[in-house]
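Asker: Contents of start_7.csv (CSV, C-alpha atoms) are given next:
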chain,number,residue,atom,x,y,z
A,267,MET,CA,-29.9,0.8,31.3
A,268,ALA,CA,-30.9,-0.2,27.8
A,269,ALA,CA,-30.9,-3.9,27.1
A,270,PRO,CA,-28.6,-5.2,24.4
A,271,SER,CA,-30.2,-5.6,21.0
A,272,SER,CA,-29.4,-9.3,20.8
A,273,SER,CA,-28.3,-12.1,23.0
A,274,ALA,CA,-24.7,-12.4,24.0
A,275,GLY,CA,-22.6,-14.7,21.9
A,276,PHE,CA,-19.1,-16.0,22.3
A,277,GLY,CA,-17.0,-14.2,24.8
A,278,GLY,CA,-19.8,-11.8,25.8
A,279,MET,CA,-20.0,-10.5,22.2
A,280,SER,CA,-23.5,-10.0,20.9
A,281,SER,CA,-24.7,-12.3,18.1
A,282,ASP,CA,-25.0,-9.3,15.8
A,283,ASN,CA,-21.5,-8.2,16.5
A,284,ALA,CA,-20.3,-11.8,16.1
A,285,LYS,CA,-21.9,-12.0,12.7
A,286,GLY,CA,-20.4,-8.7,11.7
A,287,LEU,CA,-16.9,-9.9,12.9
A,288,ALA,CA,-17.2,-13.1,10.9
A,289,LEU,CA,-18.3,-11.1,7.8
A,290,ALA,CA,-15.5,-8.6,8.2
A,291,VAL,CA,-12.8,-11.3,8.6
A,292,SER,CA,-14.1,-13.2,5.6
A,293,SER,CA,-14.2,-10.0,3.6
A,294,SER,CA,-10.5,-9.4,4.3
A,295,ALA,CA,-9.7,-12.9,3.3
A,296,PHE,CA,-11.5,-12.7,0.0
A,297,ILE,CA,-10.1,-9.2,-0.8
A,298,GLY,CA,-6.6,-10.1,0.1
A,299,ALA,CA,-6.7,-13.3,-2.0
A,300,SER,CA,-8.2,-11.4,-4.9
A,301,PHE,CA,-5.1,-9.3,-5.4
A,302,ILE,CA,-3.0,-12.4,-5.8
A,303,VAL,CA,-5.4,-14.3,-8.1
A,304,LYS,CA,-6.0,-11.2,-10.2
A,305,LYS,CA,-2.2,-10.7,-10.6
A,306,MET,CA,-1.8,-14.3,-11.6
A,307,GLY,CA,-4.4,-13.7,-14.3
A,308,LEU,CA,-2.7,-10.5,-15.4
A,309,ARG,CA,0.6,-12.4,-15.8
A,310,ARG,CA,-1.1,-15.1,-17.9
A,311,ALA,CA,-2.8,-12.4,-20.0
A,312,ALA,CA,0.5,-10.6,-20.5
A,313,ASP,CA,1.9,-13.7,-22.1
A,314,SER,CA,-0.6,-13.7,-24.9
A,315,GLY,CA,-1.3,-10.0,-25.3
A,316,VAL,CA,-0.5,-6.4,-24.3
A,317,ARG,CA,0.0,-5.9,-20.6
A,318,ALA,CA,-2.6,-4.0,-18.6
A,319,GLY,CA,0.1,-1.6,-17.5
A,320,TYR,CA,0.6,-0.6,-21.2
A,321,GLY,CA,-3.1,-0.2,-21.9
A,322,GLY,CA,-4.0,-3.8,-22.8
A,323,TYR,CA,-7.3,-5.4,-21.9
A,324,SER,CA,-6.5,-9.1,-22.7
A,325,TYR,CA,-7.0,-9.9,-19.1
A,326,LEU,CA,-10.8,-9.6,-19.7
A,327,VAL,CA,-10.7,-13.0,-21.4
A,328,GLU,CA,-8.5,-14.6,-18.7
A,329,PRO,CA,-10.6,-16.8,-16.4
A,330,LEU,CA,-8.2,-16.5,-13.5
A,331,TRP,CA,-8.6,-12.7,-13.5
A,332,TRP,CA,-12.3,-13.1,-13.3
A,333,ILE,CA,-12.0,-15.4,-10.4
A,334,GLY,CA,-10.0,-12.8,-8.6
A,335,MET,CA,-12.5,-10.2,-9.6
A,336,ILE,CA,-15.4,-12.3,-8.2
A,337,SER,CA,-13.4,-12.8,-5.1
A,338,MET,CA,-13.0,-9.1,-4.6
A,339,ILE,CA,-16.8,-8.5,-5.3
A,340,VAL,CA,-17.7,-11.2,-2.7
A,341,GLY,CA,-15.3,-9.6,-0.2
A,342,GLU,CA,-16.8,-6.1,-0.8
A,343,ILE,CA,-20.4,-7.5,-0.4
A,344,ALA,CA,-19.3,-9.2,2.8
A,345,ASN,CA,-17.8,-6.0,4.0
A,346,PHE,CA,-21.0,-4.1,3.1
A,347,ALA,CA,-23.1,-6.6,5.0
A,348,ALA,CA,-20.8,-6.4,8.0
A,349,TYR,CA,-21.8,-2.8,8.5
A,350,ALA,CA,-25.4,-3.9,8.8
A,351,PHE,CA,-24.6,-6.0,11.8
A,352,ALA,CA,-21.7,-4.4,13.6
A,353,PRO,CA,-20.6,-0.8,14.2
A,354,ALA,CA,-17.9,0.7,12.0
A,355,ILE,CA,-15.5,0.9,14.9
A,356,LEU,CA,-15.4,-2.9,14.8
A,357,VAL,CA,-15.6,-3.6,11.1
A,358,THR,CA,-13.2,-0.9,9.7
A,359,PRO,CA,-9.9,-2.0,11.4
A,360,LEU,CA,-10.4,-5.5,10.2
A,361,GLY,CA,-9.9,-4.4,6.7
A,362,ALA,CA,-6.2,-4.2,7.5
A,363,LEU,CA,-6.2,-8.0,7.6
A,364,SER,CA,-6.3,-8.0,3.8
A,365,ILE,CA,-2.8,-6.4,3.8
A,366,ILE,CA,-1.3,-9.3,5.8
A,367,ILE,CA,-3.1,-11.9,3.7
A,368,SER,CA,-2.1,-10.3,0.4
A,369,ALA,CA,1.5,-9.9,1.5
A,370,ALA,CA,1.7,-13.5,2.8
A,371,LEU,CA,0.2,-15.0,-0.4
A,372,ALA,CA,2.4,-12.8,-2.6
A,373,HIS,CA,5.5,-14.1,-0.8
A,374,SER,CA,4.5,-17.7,-1.0
A,375,ILE,CA,2.7,-17.9,-4.3
A,376,LEU,CA,4.1,-15.1,-6.5
A,377,LYS,CA,7.6,-15.3,-5.0
A,378,GLU,CA,7.5,-11.5,-4.4
A,379,LYS,CA,9.9,-11.1,-1.5
A,380,LEU,CA,9.0,-8.6,1.2
A,381,HIS,CA,11.9,-7.1,3.1
A,382,THR,CA,12.0,-7.2,6.9
A,383,PHE,CA,11.4,-3.5,7.1
A,384,GLY,CA,8.5,-4.0,4.6
A,385,ILE,CA,7.0,-6.3,7.2
A,386,LEU,CA,7.5,-3.6,9.8
A,387,GLY,CA,5.8,-1.1,7.5
A,388,CYS,CA,2.8,-3.4,7.2
A,389,VAL,CA,2.7,-3.6,11.0
A,390,LEU,CA,2.8,0.1,11.3
A,391,CYS,CA,0.1,0.5,8.8
A,392,VAL,CA,-2.1,-1.9,10.7
A,393,VAL,CA,-1.4,-0.3,14.0
A,394,GLY,CA,-2.1,3.2,12.7
A,395,SER,CA,-5.3,2.1,11.1
A,396,ILE,CA,-6.5,0.4,14.3
A,397,THR,CA,-5.6,3.5,16.3
A,398,ILE,CA,-7.8,5.6,14.1
A,399,ALA,CA,-10.6,3.2,14.0
A,400,LEU,CA,-10.7,2.7,17.8
A,401,HIS,CA,-11.0,6.4,18.4
A,402,ALA,CA,-13.4,7.1,15.5
A,403,PRO,CA,-16.7,8.8,16.3
A,404,GLN,CA,-20.0,6.9,16.2
A,405,GLU,CA,-22.1,7.2,13.1
A,406,ARG,CA,-24.9,9.7,13.1
A,407,ASP,CA,-28.5,8.6,12.7
A,408,ILE,CA,-29.9,9.3,9.2
A,409,ASP,CA,-33.6,8.8,8.4
A,410,SER,CA,-33.6,9.4,4.6
A,411,VAL,CA,-31.3,9.4,1.6
A,412,ARG,CA,-32.3,13.0,1.1
A,413,GLU,CA,-30.5,13.8,4.3
A,414,VAL,CA,-27.3,12.3,2.9
A,415,TRP,CA,-27.8,14.3,-0.3
A,416,ASP,CA,-28.1,17.5,1.8
A,417,LEU,CA,-24.8,16.7,3.5
A,418,ALA,CA,-23.1,15.9,0.2
A,419,THR,CA,-24.2,19.2,-1.4
A,420,GLU,CA,-22.9,21.4,1.4
A,421,PRO,CA,-20.1,23.8,0.4
A,422,ALA,CA,-17.4,22.1,2.3
A,423,PHE,CA,-17.9,18.6,0.8
A,424,LEU,CA,-18.6,20.1,-2.7
A,425,SER,CA,-15.2,21.8,-2.5
A,426,TYR,CA,-13.6,18.5,-1.4
A,427,ALA,CA,-15.3,16.5,-4.2
A,428,THR,CA,-14.2,19.2,-6.8
A,429,ILE,CA,-10.6,19.0,-5.6
A,430,VAL,CA,-10.7,15.2,-5.8
A,431,VAL,CA,-12.2,15.1,-9.3
A,432,VAL,CA,-9.7,17.7,-10.6
A,433,ALA,CA,-6.7,15.9,-9.1
A,434,ALA,CA,-7.8,12.6,-10.5
A,435,LEU,CA,-8.3,14.1,-14.0
A,436,VAL,CA,-4.8,15.7,-13.8
A,437,LEU,CA,-3.3,12.4,-12.8
A,438,ILE,CA,-5.1,10.5,-15.6
A,439,TYR,CA,-4.4,12.8,-18.5
A,440,PHE,CA,-1.0,14.4,-17.6
A,441,VAL,CA,0.9,12.4,-14.9
A,442,VAL,CA,0.0,8.8,-15.9
A,443,PRO,CA,1.4,8.9,-19.4
A,444,GLN,CA,4.8,10.2,-18.1
A,445,HIS,CA,5.2,8.5,-14.7
A,446,GLY,CA,2.6,5.8,-14.4
A,447,GLN,CA,5.1,3.0,-15.1
A,448,THR,CA,7.8,4.3,-12.7
A,449,ASN,CA,5.9,5.8,-9.7
A,450,ILE,CA,3.7,3.6,-7.7
A,451,MET,CA,1.8,6.5,-6.2
A,452,VAL,CA,0.3,7.6,-9.6
A,453,TYR,CA,-2.0,4.7,-10.3
A,454,ILE,CA,-2.8,4.2,-6.6
A,455,GLY,CA,-3.5,7.9,-6.3
A,456,VAL,CA,-6.2,7.8,-8.9
A,457,CYS,CA,-7.8,4.7,-7.2
A,458,SER,CA,-7.7,6.3,-3.7
A,459,LEU,CA,-9.0,9.7,-4.7
A,460,LEU,CA,-12.0,8.3,-6.5
A,461,GLY,CA,-12.3,5.6,-3.8
A,462,SER,CA,-13.1,8.2,-1.1
A,463,LEU,CA,-16.1,9.4,-3.3
A,464,THR,CA,-17.1,5.8,-3.9
A,465,VAL,CA,-17.3,5.0,-0.2
A,466,MET,CA,-19.5,8.1,0.5
A,467,SER,CA,-21.8,7.1,-2.3
A,468,VAL,CA,-21.9,3.4,-1.2
A,469,LYS,CA,-22.7,4.5,2.3
A,470,ALA,CA,-25.6,6.6,0.9
A,471,LEU,CA,-26.8,3.6,-1.1
A,472,GLY,CA,-26.5,1.3,2.0
A,473,ILE,CA,-28.6,3.7,4.0
A,474,ALA,CA,-31.2,3.8,1.2
A,475,LEU,CA,-31.3,0.0,1.0
A,476,LYS,CA,-31.5,-0.4,4.8
A,477,LEU,CA,-34.4,2.0,5.1
A,478,THR,CA,-36.1,0.4,2.1
A,479,PHE,CA,-35.8,-3.1,3.6
A,480,SER,CA,-37.2,-1.7,6.9
A,481,GLY,CA,-40.3,-0.5,5.1
A,482,VAL,CA,-39.4,3.1,4.2
A,483,ASN,CA,-38.9,3.0,0.4
A,484,GLN,CA,-36.0,5.1,-0.8
A,485,LEU,CA,-35.9,3.9,-4.4
A,486,PHE,CA,-38.3,6.5,-5.6
A,487,TYR,CA,-35.9,9.3,-4.8
A,488,PRO,CA,-33.6,10.5,-7.6
A,489,GLN,CA,-30.8,11.0,-5.1
A,490,THR,CA,-30.6,7.3,-4.7
A,491,TRP,CA,-29.9,6.7,-8.4
A,492,ALA,CA,-27.5,9.7,-8.5
A,493,PHE,CA,-25.4,8.0,-5.8
A,494,ALA,CA,-25.6,4.7,-7.8
A,495,LEU,CA,-24.3,6.5,-10.9
A,496,ILE,CA,-21.4,7.9,-9.0
A,497,VAL,CA,-20.6,4.5,-7.6
A,498,ALA,CA,-20.6,2.9,-11.1
A,499,THR,CA,-18.4,5.6,-12.6
A,500,CYS,CA,-15.8,5.7,-9.8
A,501,VAL,CA,-15.6,1.9,-9.3
A,502,SER,CA,-15.1,1.2,-13.0
A,503,THR,CA,-12.2,3.8,-13.1
A,504,GLN,CA,-10.7,2.4,-9.9
A,505,ILE,CA,-10.7,-1.2,-11.3
A,506,ASN,CA,-8.9,-0.1,-14.4
A,507,TYR,CA,-6.1,1.7,-12.6
A,508,LEU,CA,-5.8,-0.8,-9.9
A,509,ASN,CA,-5.2,-3.4,-12.6
A,510,LYS,CA,-2.4,-1.2,-14.0
A,511,ALA,CA,-0.8,-0.9,-10.5
A,512,LEU,CA,-1.0,-4.6,-9.9
A,513,ASP,CA,0.5,-5.4,-13.3
A,514,THR,CA,3.3,-3.0,-12.9
A,515,PHE,CA,4.4,-3.1,-9.3
A,516,ASN,CA,5.0,-5.6,-6.5
A,517,THR,CA,1.7,-6.8,-5.1
A,518,ALA,CA,3.0,-6.8,-1.5
A,519,VAL,CA,3.6,-3.1,-1.8
A,520,VAL,CA,0.5,-2.1,-3.9
A,521,SER,CA,-1.9,-3.6,-1.3
A,522,PRO,CA,-0.8,-1.8,1.8
A,523,ILE,CA,-0.1,1.5,0.1
A,524,TYR,CA,-3.5,1.4,-1.6
A,525,TYR,CA,-5.2,0.5,1.8
A,526,VAL,CA,-3.4,3.4,3.6
A,527,MET,CA,-4.2,6.1,1.0
A,528,PHE,CA,-7.7,4.8,0.4
A,529,THR,CA,-8.5,4.7,4.2
A,530,SER,CA,-6.9,8.1,4.9
A,531,LEU,CA,-8.8,9.8,2.1
A,532,THR,CA,-12.0,8.1,3.1
A,533,ILE,CA,-11.7,9.3,6.7
A,534,ILE,CA,-11.1,12.8,5.5
A,535,ALA,CA,-14.1,12.7,3.2
A,536,SER,CA,-16.2,11.3,6.1
A,537,VAL,CA,-15.0,14.0,8.5
A,538,ILE,CA,-16.0,16.7,6.0
A,539,MET,CA,-19.3,15.2,4.9
A,540,PHE,CA,-20.6,13.9,8.2
A,541,LYS,CA,-18.7,16.3,10.5
A,542,ASP,CA,-17.4,13.5,12.6
A,543,TRP,CA,-14.9,15.6,14.5
A,544,ASP,CA,-17.6,17.9,15.7
A,545,ARG,CA,-18.6,15.2,18.1
A,546,GLN,CA,-15.1,14.4,19.4
A,547,ASN,CA,-12.9,15.9,22.1
A,548,PRO,CA,-9.3,17.1,21.4
A,549,THR,CA,-7.8,14.0,22.9
A,550,GLN,CA,-9.6,11.7,20.4
A,551,ILE,CA,-8.7,14.0,17.5
A,552,VAL,CA,-5.0,14.1,18.5
A,553,THR,CA,-5.0,10.3,18.9
A,554,GLU,CA,-6.4,9.9,15.4
A,555,MET,CA,-3.6,12.2,14.0
A,556,CYS,CA,-1.0,10.0,15.7
A,557,GLY,CA,-2.6,7.1,13.9
A,558,PHE,CA,-2.1,9.0,10.6
A,559,VAL,CA,1.6,9.6,11.4
A,560,THR,CA,2.0,5.9,12.1
A,561,ILE,CA,0.4,5.0,8.8
A,562,LEU,CA,2.6,7.5,6.9
A,563,SER,CA,5.7,5.9,8.6
A,564,GLY,CA,4.6,2.5,7.5
A,565,THR,CA,4.0,3.7,4.0
A,566,PHE,CA,7.5,5.2,3.9
A,567,LEU,CA,9.1,2.0,5.0
A,568,LEU,CA,7.2,0.0,2.4
A,569,HIS,CA,8.0,2.4,-0.4
A,570,LYS,CA,11.7,2.6,0.4
A,571,THR,CA,12.3,-1.1,1.0
A,572,LYS,CA,10.3,-2.6,-1.8
A,573,ASP,CA,13.4,-3.5,-3.9
A,574,MET,CA,15.6,-4.5,-1.0
A,575,ASN,CA,16.6,-8.0,-0.1
A,576,ASP,CA,17.2,-9.3,3.4
A,577,SER,CA,20.9,-10.0,4.1
A,578,THR,CA,22.6,-11.2,7.3
A,579,GLY,CA,25.7,-9.3,6.4
A,580,PRO,CA,28.2,-8.6,3.6
A,581,THR,CA,28.8,-11.4,1.2
A,582,LEU,CA,32.2,-13.1,0.8
A,583,SER,CA,32.7,-11.4,-2.6
A,584,THR,CA,31.7,-8.0,-1.0
A,585,ARG,CA,34.2,-8.5,1.9
A,586,ARG,CA,36.9,-9.6,-0.6
A,587,SER,CA,36.3,-6.6,-2.8
A,588,LYS,CA,36.4,-4.2,0.1
A,589,HIS,CA,39.4,-5.9,1.6
A,590,ALA,CA,41.2,-5.9,-1.7
A,591,SER,CA,40.8,-2.2,-2.3
A,592,GLN,CA,42.0,-1.5,1.2
A,593,THR,CA,45.0,-3.8,0.9
A,594,ALA,CA,46.0,-2.5,-2.5
A,595,PHE,CA,46.0,1.0,-1.2
A,596,ALA,CA,48.1,0.0,1.8
A,597,ILE,CA,50.7,-1.6,-0.4
A,598,GLU,CA,51.0,1.4,-2.6
A,599,VAL,CA,51.8,3.8,0.3
A,600,LEU,CA,53.7,1.4,2.5
A,601,PRO,CA,57.4,2.3,3.1
A,602,LEU,CA,60.0,-0.1,1.8
A,603,LYS,CA,61.1,-1.5,5.2
A,604,TYR,CA,57.5,-2.6,5.8
A,605,GLN,CA,57.1,-4.3,2.4
A,606,ASP,CA,58.5,-7.6,3.7
A,607,CYS,CA,55.9,-7.6,6.5
A,608,VAL,CA,53.0,-7.7,4.1
A,609,ASP,CA,51.4,-11.1,4.1
A,610,GLU,CA,50.8,-12.3,0.6
A,611,GLU,CA,47.5,-13.8,1.7
A,612,THR,CA,46.2,-10.3,2.4
A,613,LEU,CA,46.6,-9.4,-1.2
A,614,PRO,CA,43.5,-9.2,-3.5
A,615,LEU,CA,42.5,-12.7,-4.5
A,616,SER,CA,42.7,-11.8,-8.2
A,617,LEU,CA,46.2,-10.3,-7.9
A,618,PRO,CA,49.0,-12.9,-8.7
A,619,LYS,CA,51.7,-13.3,-6.0
A,620,ALA,CA,54.3,-12.3,-8.6
A,621,ASP,CA,52.8,-8.9,-8.7
A,622,ASN,CA,53.9,-8.3,-5.2
A,623,HIS,CA,57.5,-8.8,-6.1
A,624,TYR,CA,57.1,-6.7,-9.2
A,625,LEU,CA,55.7,-3.9,-7.1
A,626,MET,CA,58.6,-4.1,-4.8
A,627,GLN,CA,61.1,-4.0,-7.6
A,628,GLU,CA,59.5,-1.1,-9.4
A,629,LEU,CA,59.4,1.2,-6.3
A,630,PRO,CA,60.9,4.6,-7.0
A,631,LEU,CA,64.7,4.7,-6.8
A,632,ARG,CA,64.6,7.3,-4.1
A,633,TYR,CA,63.4,4.6,-1.7
A,634,LYS,CA,66.4,2.4,-2.5
A,635,ASP,CA,68.8,5.3,-1.9
A,636,LEU,CA,67.4,5.6,1.7
A,637,ASN,CA,69.5,3.7,4.2
A,638,ILE,CA,66.6,2.1,6.0
A,639,ALA,CA,67.4,-1.0,8.0
Could you write out this structure as structure tokens?
Answerer:
Amino acid sequence: MAAPSSSAGFGGMSSDNAKGLALAVSSSAFIGASFIVKKMGLRRAADSGVRAGYGGYSYLVEPLWWIGMISMIVGEIANFAAYAFAPAILVTPLGALSIIISAALAHSILKEKLHTFGILGCVLCVVGSITIALHAPQERDIDSVREVWDLATEPAFLSYATIVVVAALVLIYFVVPQHGQTNIMVYIGVCSLLGSLTVMSVKALGIALKLTFSGVNQLFYPQTWAFALIVATCVSTQINYLNKALDTFNTAVVSPIYYVMFTSLTIIASVIMFKDWDRQNPTQIVTEMCGFVTILSGTFLLHKTKDMNDSTGPTLSTRRSKHASQTAFAIEVLPLKYQDCVDEETLPLSLPKADNHYLMQELPLRYKDLNIA
């Protein structure tokens, strides 16, 4: 039996895994907080200029927005470093913690209320993501950045990349001008589509840097710099449209939906590029698909309840209004002999008591002609 790569740490966890766990948790904290701080900066910028959701860039001179941006960068660096110490099966699920942190901070700081079913949606998103991560395949061993380039230029992934780029361009130039301000999925769709390509390129860069630090220099290969260019292009576009989403919609909804779409598309890209499912049995694949269904259920709840408010029951005014309409209808159709049985307290609160007698006096004459005791 092979010996562990490092000494056991707390709870039997290896020291490397413990470092990766700490980095991943801190990454989620920084990224979750960055959404809130950035939105606070966007709100301040909107008070003195054009909102980001309408094409303004005044947030670039707002210090609070830059604090949020730095927080996000620190979180992404910590997340990148976590993969150097711990396997993806440990690091990836912990990214869901940023959803909980962001929603909690949005509720307490930005006063953006999250409905109870929205909380359930967050839980479903986290559970689904964990299910997928726990049954994800192990990463394949790669010895050169050129090997990653060969995988990226195979017909299957080239087809996926082409579809992603075309879909993103269609959203940017045709859908965003018409529906960007009213449909939360538009801005997030752009970010998520390009985000899947970003992760594949970041992974390639991570492999190149890891090999370089281990003594096998990968910086001389043009493929390394091609991946770096893709990262720069996609990340800059993602930041732009993520700002628009945060400025336009509720942060507590933007964060989990972005996480779900981004994670789902990234997994699809990874399956196509690295052929992850080729090394899995049907049970593992079905379990991952169940995770996807759970995530989609959570997304649906979040999207449908984002504008709802918690209520323990109908308000007094609602009960009065409903009761009033029912009582008024009952009085109009009640035979004459039952009119005296109507309690005036059951009448609509806005209806004067005199109206009850007026109603009784104005009943059709044919009722008076009836000999009803």
Asker: Between A:Ile523, A:Val497, A:Ala474, A:Leu460, which has the minimum distance to Leu567 (chain A) (counting only C-alpha atoms)?
Answerer: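 Nearest candidate to Leu567 (chain A) out of A:Ile523, A:Val497, A:Ala474, A:Leu460: A:Ile523.
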Asker: Rank A:Asn449, A:Ser324, A:Ser395, A:Thr532 by their smallest atom-to-atom distance to Gly564 (chain A), using only C-alpha atoms, and report the top residue only.
Answerer: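 Among A:Asn449, A:Ser324, A:Ser395, A:Thr532, it is A:Ser395 that comes nearest to Gly564 (chain A).
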Asker: Select, counting all atoms listed in the file, all protein, DNA and RNA residues no farther than 12 Å from (-19.3, 18.7, -3.4) in file coordinates, and express the selection as a list in words.
Answerer: Trp415, Asp416, Leu417, Ala418, Thr419, Glu420, Pro421, Ala422, Phe423, Leu424, Ser425, Tyr426, Ala427, Thr428, Ile429, Val430, Val431, Leu463, Met466, Ser467, Ala535, Ile538 and Met539 of chain A
Asker: What is the distance between CA of Ile450 (chain A) and CA of Leu512 (chain A), in Å to one decimal?
Answerer: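 We find that CA of Ile450 (chain A) and CA of Leu512 (chain A) lie 9.7 Å from each other.
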Asker: From the list A:Ile302, A:Leu386, A:Ala290, A:Ala369, which residue is nearest Gly341 (chain A) when using only C-alpha atoms?
Answerer: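 Of A:Ile302, A:Leu386, A:Ala290, A:Ala369, the one nearest Gly341 (chain A), counting only C-alpha atoms, is A:Ala290.
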Asker: Pick out the residues sitting within 12 Å of Trp491 (chain A), and hand them over as a PDB file with C-alpha atoms, keeping the file's coordinate frame; count only C-alpha atoms, and ignore anything fewer than 2 positions along from it in its own chain.
Answerer:
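Okay, selection.pdb is ready:
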ATOM      1  CA  VAL A 411     -31.300   9.400   1.600  1.00  0.00           C
ATOM      2  CA  ARG A 412     -32.300  13.000   1.100  1.00  0.00           C
ATOM      3  CA  TRP A 415     -27.800  14.300  -0.300  1.00  0.00           C
ATOM      4  CA  SER A 467     -21.800   7.100  -2.300  1.00  0.00           C
ATOM      5  CA  VAL A 468     -21.900   3.400  -1.200  1.00  0.00           C
ATOM      6  CA  ALA A 470     -25.600   6.600   0.900  1.00  0.00           C
ATOM      7  CA  LEU A 471     -26.800   3.600  -1.100  1.00  0.00           C
ATOM      8  CA  ALA A 474     -31.200   3.800   1.200  1.00  0.00           C
ATOM      9  CA  LEU A 475     -31.300   0.000   1.000  1.00  0.00           C
ATOM     10  CA  GLN A 484     -36.000   5.100  -0.800  1.00  0.00           C
ATOM     11  CA  LEU A 485     -35.900   3.900  -4.400  1.00  0.00           C
ATOM     12  CA  PHE A 486     -38.300   6.500  -5.600  1.00  0.00           C
ATOM     13  CA  TYR A 487     -35.900   9.300  -4.800  1.00  0.00           C
ATOM     14  CA  PRO A 488     -33.600  10.500  -7.600  1.00  0.00           C
ATOM     15  CA  GLN A 489     -30.800  11.000  -5.100  1.00  0.00           C
ATOM     16  CA  PHE A 493     -25.400   8.000  -5.800  1.00  0.00           C
ATOM     17  CA  ALA A 494     -25.600   4.700  -7.800  1.00  0.00           C
ATOM     18  CA  LEU A 495     -24.300   6.500 -10.900  1.00  0.00           C
ATOM     19  CA  ILE A 496     -21.400   7.900  -9.000  1.00  0.00           C
ATOM     20  CA  VAL A 497     -20.600   4.500  -7.600  1.00  0.00           C
ATOM     21  CA  ALA A 498     -20.600   2.900 -11.100  1.00  0.00           C
TER      22      ALA A 498
END
Asker: Just to confirm, what's the straight-line distance from CA of Val340 (chain A) to CA of Ile366 (chain A) in Å (one decimal)?
Answerer: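 Atom-to-atom, CA of Val340 (chain A) and CA of Ile366 (chain A) are spaced 18.6 Å apart.
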